[in-house]
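Reproduced below: final.pdb, with PDB, C-alpha atoms, pLDDT in the B column.
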```pdb
ATOM      1  CA  MET A   1      66.175  82.427 -84.750  1.00 58.00           C
ATOM      2  CA  VAL A   2      64.073  79.504 -85.982  1.00 65.00           C
ATOM      3  CA  ILE A   3      60.721  80.455 -87.480  1.00 68.00           C
ATOM      4  CA  GLU A   4      58.002  77.867 -86.936  1.00 76.00           C
ATOM      5  CA  ARG A   5      56.884  76.835 -90.382  1.00 76.00           C
ATOM      6  CA  GLU A   6      53.181  76.627 -91.194  1.00 80.00           C
ATOM      7  CA  ILE A   7      53.683  73.043 -92.375  1.00 84.00           C
ATOM      8  CA  MET A   8      54.964  71.899 -88.944  1.00 90.00           C
ATOM      9  CA  PRO A   9      51.628  70.663 -87.496  1.00 93.00           C
ATOM     10  CA  ARG A  10      50.982  68.587 -90.634  1.00 96.00           C
ATOM     11  CA  LEU A  11      54.519  67.161 -90.499  1.00 95.00           C
ATOM     12  CA  LEU A  12      54.072  66.082 -86.877  1.00 95.00           C
ATOM     13  CA  GLU A  13      50.633  64.634 -87.621  1.00 97.00           C
ATOM     14  CA  LEU A  14      51.941  62.530 -90.521  1.00 97.00           C
ATOM     15  CA  PHE A  15      54.898  61.345 -88.445  1.00 97.00           C
ATOM     16  CA  GLY A  16      52.377  59.714 -86.134  1.00 97.00           C
ATOM     17  CA  GLN A  17      50.552  58.091 -89.059  1.00 97.00           C
ATOM     18  CA  TYR A  18      53.394  56.634 -91.159  1.00 97.00           C
ATOM     19  CA  PRO A  19      56.637  54.781 -90.432  1.00 98.00           C
ATOM     20  CA  ILE A  20      58.485  57.310 -92.621  1.00 97.00           C
ATOM     21  CA  VAL A  21      57.847  60.929 -93.537  1.00 97.00           C
ATOM     22  CA  THR A  22      59.702  62.414 -96.496  1.00 95.00           C
ATOM     23  CA  VAL A  23      60.181  66.159 -96.864  1.00 94.00           C
ATOM     24  CA  THR A  24      61.226  67.360-100.297  1.00 91.00           C
ATOM     25  CA  GLY A  25      61.605  70.800-101.748  1.00 86.00           C
ATOM     26  CA  PRO A  26      63.942  73.139-103.537  1.00 78.00           C
ATOM     27  CA  ARG A  27      67.432  73.811-102.263  1.00 81.00           C
ATOM     28  CA  GLN A  28      67.615  76.216 -99.333  1.00 76.00           C
ATOM     29  CA  SER A  29      63.891  75.981 -98.541  1.00 79.00           C
ATOM     30  CA  GLY A  30      64.548  75.004 -94.925  1.00 80.00           C
ATOM     31  CA  LYS A  31      64.061  71.210 -95.002  1.00 89.00           C
ATOM     32  CA  THR A  32      66.963  70.429 -92.681  1.00 92.00           C
ATOM     33  CA  THR A  33      66.164  73.215 -90.221  1.00 89.00           C
ATOM     34  CA  LEU A  34      62.499  72.204 -90.097  1.00 89.00           C
ATOM     35  CA  CYS A  35      63.178  68.512 -89.534  1.00 91.00           C
ATOM     36  CA  ARG A  36      65.977  68.981 -87.017  1.00 95.00           C
ATOM     37  CA  SER A  37      63.739  71.362 -85.073  1.00 93.00           C
ATOM     38  CA  ALA A  38      60.624  69.173 -85.235  1.00 94.00           C
ATOM     39  CA  PHE A  39      62.470  65.947 -84.444  1.00 96.00           C
ATOM     40  CA  ALA A  40      65.244  67.040 -82.104  1.00 95.00           C
ATOM     41  CA  HIS A  41      64.695  63.821 -80.127  1.00 96.00           C
ATOM     42  CA  LEU A  42      65.808  61.701 -83.113  1.00 97.00           C
ATOM     43  CA  ALA A  43      69.358  60.971 -84.177  1.00 98.00           C
ATOM     44  CA  TYR A  44      70.539  62.869 -87.252  1.00 98.00           C
ATOM     45  CA  ALA A  45      72.657  61.736 -90.193  1.00 98.00           C
ATOM     46  CA  ASN A  46      73.709  64.028 -93.021  1.00 98.00           C
ATOM     47  CA  LEU A  47      74.323  61.973 -96.148  1.00 98.00           C
ATOM     48  CA  GLU A  48      76.198  64.890 -97.713  1.00 96.00           C
ATOM     49  CA  ASP A  49      78.969  64.043 -95.243  1.00 98.00           C
ATOM     50  CA  PRO A  50      81.390  61.819 -97.200  1.00 98.00           C
ATOM     51  CA  ASP A  51      82.035  59.497 -94.234  1.00 98.00           C
ATOM     52  CA  ALA A  52      78.347  59.014 -93.449  1.00 98.00           C
ATOM     53  CA  ARG A  53      77.566  58.509 -97.133  1.00 98.00           C
ATOM     54  CA  GLU A  54      80.353  55.944 -97.548  1.00 98.00           C
ATOM     55  CA  PHE A  55      79.160  54.037 -94.457  1.00 98.00           C
ATOM     56  CA  ALA A  56      75.547  54.043 -95.696  1.00 98.00           C
ATOM     57  CA  GLU A  57      76.619  52.823 -99.146  1.00 98.00           C
ATOM     58  CA  SER A  58      79.094  50.171 -98.022  1.00 98.00           C
ATOM     59  CA  ASP A  59      77.137  48.683 -95.110  1.00 98.00           C
ATOM     60  CA  PRO A  60      73.520  49.914 -95.184  1.00 98.00           C
ATOM     61  CA  ARG A  61      72.262  47.406 -92.613  1.00 97.00           C
ATOM     62  CA  ARG A  62      74.852  48.432 -90.036  1.00 98.00           C
ATOM     63  CA  PHE A  63      74.359  52.101 -90.904  1.00 98.00           C
ATOM     64  CA  LEU A  64      70.618  51.854 -90.169  1.00 98.00           C
ATOM     65  CA  ALA A  65      71.219  49.691 -87.073  1.00 97.00           C
ATOM     66  CA  GLN A  66      72.720  52.807 -85.446  1.00 97.00           C
ATOM     67  CA  PHE A  67      69.191  54.186 -85.252  1.00 97.00           C
ATOM     68  CA  PRO A  68      67.054  51.664 -83.328  1.00 96.00           C
ATOM     69  CA  VAL A  69      64.394  54.285 -82.554  1.00 95.00           C
ATOM     70  CA  GLY A  70      64.674  56.109 -85.873  1.00 96.00           C
ATOM     71  CA  ALA A  71      66.489  59.120 -87.276  1.00 98.00           C
ATOM     72  CA  VAL A  72      66.395  62.105 -89.551  1.00 98.00           C
ATOM     73  CA  LEU A  73      68.269  61.079 -92.697  1.00 98.00           C
ATOM     74  CA  ASP A  74      69.180  64.281 -94.486  1.00 97.00           C
ATOM     75  CA  GLU A  75      69.858  64.424 -98.252  1.00 95.00           C
ATOM     76  CA  ILE A  76      68.604  60.879 -98.886  1.00 95.00           C
ATOM     77  CA  GLN A  77      69.008  61.372-102.651  1.00 93.00           C
ATOM     78  CA  ARG A  78      72.763  60.949-102.080  1.00 94.00           C
ATOM     79  CA  VAL A  79      72.236  57.242-101.195  1.00 95.00           C
ATOM     80  CA  PRO A  80      69.113  56.083-103.073  1.00 93.00           C
ATOM     81  CA  SER A  81      69.990  52.415-102.445  1.00 93.00           C
ATOM     82  CA  LEU A  82      69.202  53.029 -98.764  1.00 96.00           C
ATOM     83  CA  LEU A  83      65.499  53.236 -99.643  1.00 95.00           C
ATOM     84  CA  SER A  84      65.266  49.465-100.243  1.00 95.00           C
ATOM     85  CA  TYR A  85      66.791  48.784 -96.830  1.00 97.00           C
ATOM     86  CA  LEU A  86      64.392  51.226 -95.201  1.00 97.00           C
ATOM     87  CA  GLN A  87      61.501  49.435 -96.923  1.00 96.00           C
ATOM     88  CA  VAL A  88      62.537  46.106 -95.414  1.00 96.00           C
ATOM     89  CA  LEU A  89      63.152  47.680 -92.013  1.00 96.00           C
ATOM     90  CA  VAL A  90      59.729  49.291 -91.735  1.00 95.00           C
ATOM     91  CA  ASP A  91      58.006  46.201 -93.140  1.00 96.00           C
ATOM     92  CA  GLU A  92      59.495  44.219 -90.254  1.00 95.00           C
ATOM     93  CA  ASP A  93      58.591  46.886 -87.689  1.00 94.00           C
ATOM     94  CA  ARG A  94      55.436  48.747 -88.750  1.00 88.00           C
ATOM     95  CA  ARG A  95      55.638  51.327 -85.959  1.00 95.00           C
ATOM     96  CA  ASN A  96      54.774  54.802 -87.107  1.00 97.00           C
ATOM     97  CA  GLY A  97      57.217  57.629 -86.572  1.00 97.00           C
ATOM     98  CA  GLN A  98      60.520  55.924 -87.266  1.00 97.00           C
ATOM     99  CA  PHE A  99      62.357  57.909 -89.934  1.00 98.00           C
ATOM    100  CA  VAL A 100      62.268  61.363 -91.470  1.00 98.00           C
ATOM    101  CA  LEU A 101      63.905  61.691 -94.872  1.00 97.00           C
ATOM    102  CA  THR A 102      64.830  64.951 -96.546  1.00 94.00           C
ATOM    103  CA  GLY A 103      65.980  65.559-100.063  1.00 91.00           C
ATOM    104  CA  SER A 104      66.034  67.871-102.992  1.00 84.00           C
ATOM    105  CA  GLU A 105      63.448  67.353-105.715  1.00 73.00           C
ATOM    106  CA  GLN A 106      65.907  68.230-108.431  1.00 65.00           C
ATOM    107  CA  PHE A 107      67.232  64.669-108.352  1.00 58.00           C
ATOM    108  CA  GLY A 108      63.899  62.938-109.076  1.00 69.00           C
ATOM    109  CA  LEU A 109      63.595  61.965-105.439  1.00 71.00           C
ATOM    110  CA  THR A 110      59.800  62.000-105.298  1.00 73.00           C
ATOM    111  CA  SER A 111      59.339  59.375-108.014  1.00 75.00           C
ATOM    112  CA  THR A 112      62.077  57.159-106.543  1.00 78.00           C
ATOM    113  CA  ILE A 113      60.519  57.306-103.082  1.00 83.00           C
ATOM    114  CA  SER A 114      57.004  56.798-104.449  1.00 77.00           C
ATOM    115  CA  GLN A 115      58.166  53.539-106.035  1.00 80.00           C
ATOM    116  CA  SER A 116      60.373  52.264-103.198  1.00 83.00           C
ATOM    117  CA  LEU A 117      58.327  53.298-100.192  1.00 89.00           C
ATOM    118  CA  ALA A 118      54.755  53.270-101.498  1.00 86.00           C
ATOM    119  CA  GLY A 119      52.341  53.066 -98.565  1.00 88.00           C
ATOM    120  CA  ARG A 120      55.188  53.432 -96.071  1.00 94.00           C
ATOM    121  CA  THR A 121      55.884  57.142 -96.313  1.00 93.00           C
ATOM    122  CA  ALA A 122      54.006  60.407 -96.366  1.00 93.00           C
ATOM    123  CA  LEU A 123      55.410  62.965 -98.788  1.00 92.00           C
ATOM    124  CA  LEU A 124      55.493  66.660 -97.958  1.00 90.00           C
ATOM    125  CA  ARG A 125      56.833  69.407-100.178  1.00 90.00           C
ATOM    126  CA  LEU A 126      58.374  72.355 -98.376  1.00 85.00           C
ATOM    127  CA  LEU A 127      58.539  75.638-100.219  1.00 78.00           C
ATOM    128  CA  PRO A 128      60.430  78.774 -99.171  1.00 75.00           C
ATOM    129  CA  PHE A 129      58.788  81.018 -96.584  1.00 62.00           C
ATOM    130  CA  THR A 130      55.173  82.031 -97.030  1.00 59.00           C
ATOM    131  CA  LEU A 131      54.441  85.747 -96.651  1.00 60.00           C
ATOM    132  CA  ALA A 132      53.288  85.182 -93.065  1.00 61.00           C
ATOM    133  CA  GLU A 133      56.491  83.264 -92.227  1.00 62.00           C
ATOM    134  CA  ARG A 134      58.552  85.967 -93.910  1.00 60.00           C
ATOM    135  CA  ARG A 135      56.920  88.604 -91.701  1.00 62.00           C
ATOM    136  CA  LEU A 136      57.651  86.508 -88.595  1.00 66.00           C
ATOM    137  CA  ALA A 137      61.274  86.419 -89.664  1.00 62.00           C
ATOM    138  CA  GLY A 138      61.284  90.201 -89.807  1.00 65.00           C
ATOM    139  CA  GLY A 139      61.432  90.294 -93.583  1.00 61.00           C
ATOM    140  CA  SER A 140      59.651  92.780 -95.756  1.00 58.00           C
ATOM    141  CA  ASP A 141      56.997  91.741 -98.221  1.00 54.00           C
ATOM    142  CA  ALA A 142      57.642  94.861-100.302  1.00 52.00           C
ATOM    143  CA  VAL A 143      59.080  92.793-103.114  1.00 48.00           C
ATOM    144  CA  PHE A 144      55.653  91.174-103.534  1.00 49.00           C
ATOM    145  CA  ARG A 145      53.777  94.460-103.876  1.00 53.00           C
ATOM    146  CA  ARG A 146      52.903  95.709-107.311  1.00 53.00           C
ATOM    147  CA  ARG A 147      55.480  98.143-108.637  1.00 52.00           C
ATOM    148  CA  ARG A 148      55.857 100.348-111.658  1.00 54.00           C
ATOM    149  CA  PRO A 149      58.751  99.641-114.041  1.00 55.00           C
ATOM    150  CA  GLY A 150      62.020 100.890-112.596  1.00 55.00           C
ATOM    151  CA  GLN A 151      60.817 100.997-108.983  1.00 51.00           C
ATOM    152  CA  LEU A 152      62.273  97.626-108.065  1.00 50.00           C
ATOM    153  CA  SER A 153      65.786  98.682-109.033  1.00 50.00           C
ATOM    154  CA  GLY A 154      65.377 102.106-107.440  1.00 49.00           C
ATOM    155  CA  ARG A 155      65.868 103.833-110.784  1.00 50.00           C
ATOM    156  CA  ASN A 156      63.513 106.500-111.949  1.00 48.00           C
ATOM    157  CA  PRO A 157      61.858 105.164-115.140  1.00 48.00           C
ATOM    158  CA  GLN A 158      61.818 108.746-116.533  1.00 51.00           C
ATOM    159  CA  GLN A 159      65.643 108.905-116.659  1.00 46.00           C
TER     160      GLN A 159
END
```
Before anything else, please render the file you have as structure tokens.
Amino acid sequence: MVIEREIMPRLLELFGQYPIVTVTGPRQSGKTTLCRSAFAHLAYANLEDPDAREFAESDPRRFLAQFPVGAVLDEIQRVPSLLSYLQVLVDEDRRNGQFVLTGSEQFGLTSTISQSLAGRTALLRLLPFTLAERRLAGGSDAVFRRRRPGQLSGRNPQQ
């Protein structure tokens, strides 16, 4: 079951306003699921895949040529050199809505992208589920309620 994230309308809006949209966030926050769901019409490349990563590193022009109408490039921090090629590509074709990049912030991705793709990308930070999204997923928000010491573990603090 895919839960529609609250950030989805903003993501789609920015995709129509910039050639590239970059979604960053902590590991396991749902970046890949969100982008694959929002942009199912685009090709997808996972740069964690050793073969895809090797192709992107060894022949970046040919790698990007596979995606004439754009793509979701997942885990872009694995091939940071690709950002320069994307810059040239979108400078030659200023259409909005070409590429969606995802990556983990733990690798300094935001500063690298801000330098390489300034003015060419919108940056969005995806966090784990909000309380409302958590409820939609059927999760409990009990962990966020105020508790007395010992309640969280189920132990009686008097013992």
Separation of CA of Gly119 in chain A from CA of Ala52 in chain A, in Å and rounded to one decimal: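 These two atoms are separated by 27.2 Å.
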Long-range neighbours of Leu127 in chain A as a ChimeraX atom specification, 10 Å cut-off, all atoms listed in the file, 4 positions minimum in chain: /A:7,24-31
Polymer residues at most 12 Å from Pro68 in chain A, only C-alpha atoms, same-chain spacing of 4 or more positions, as a ChimeraX atom specification: /A:42-43,61-64,89-90,93,95,97-99
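Atom pair CA of Leu14 in chain A / CA of Ala122 in chain A: separated by 6.6 Å.
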Who sits within 6 Å of Val100 in chain A, only C-alpha atoms, same chain under 5 positions skipped, as a list in words: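 That gives Ile20, Val21, Thr22 and Val72 of chain A.
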Distance in Å - CA of Arg5 in chain A versus CA of Leu34 in chain A: 7.3 Å
Taking every listed atom of range 101-106 of chain A and adding 5 Å to each side, what centre and edge lengths in Å (one decimal) does the axis-aligned box have, as AutoDock Vina command-line options?
```
--center_x 64.7 --center_y 65.0 --center_z -101.7 --size_x 12.6 --size_y 16.5 --size_z 23.6
```
Nearby residues (all atoms listed in the file) at most 7 Å from Leu47 in chain A, same-chain spacing under 5 positions excluded, as a PyMOL selection string: chain A and resi 52-53+74-76+78
Nearest to Thr121 in chain A by atom-to-atom distance, counting all atoms listed in the file, from A:Gln77, A:Asn46, A:Thr32, A:Gln87: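 Result for the nearest residue to Thr121 in chain A: A:Gln87.
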Pick from A:Thr112, A:Asn96, A:Ser104, A:Gln66, whichever lies nearest to Pro80 in chain A using only C-alpha atoms: A:Thr112
Residue neighbourhood Pro60 in chain A, 10 Å, only C-alpha atoms, exclusion window fewer than 3 positions, as a VMD selection string: chain A and resid 53 to 57 63 to 65 79 81 to 86
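Of the listed residues A:Gly103, A:Arg36, A:Tyr44, A:Leu11, the one whose atoms come nearest to Val69 in chain A is A:Tyr44, with distances taken using only C-alpha atoms.
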A:Leu12, A:Thr110, A:Pro50, A:Ser58 ranked by distance to Ser37 in chain A, top pick (using all atoms listed in the file): A:Leu12
Minimum-distance residue to Ala118 in chain A, chosen among A:Phe39, A:Leu73, A:Asp59, A:Tyr18 (using all atoms listed in the file):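 Closest to Ala118 in chain A, using all atoms listed in the file: A:Tyr18.
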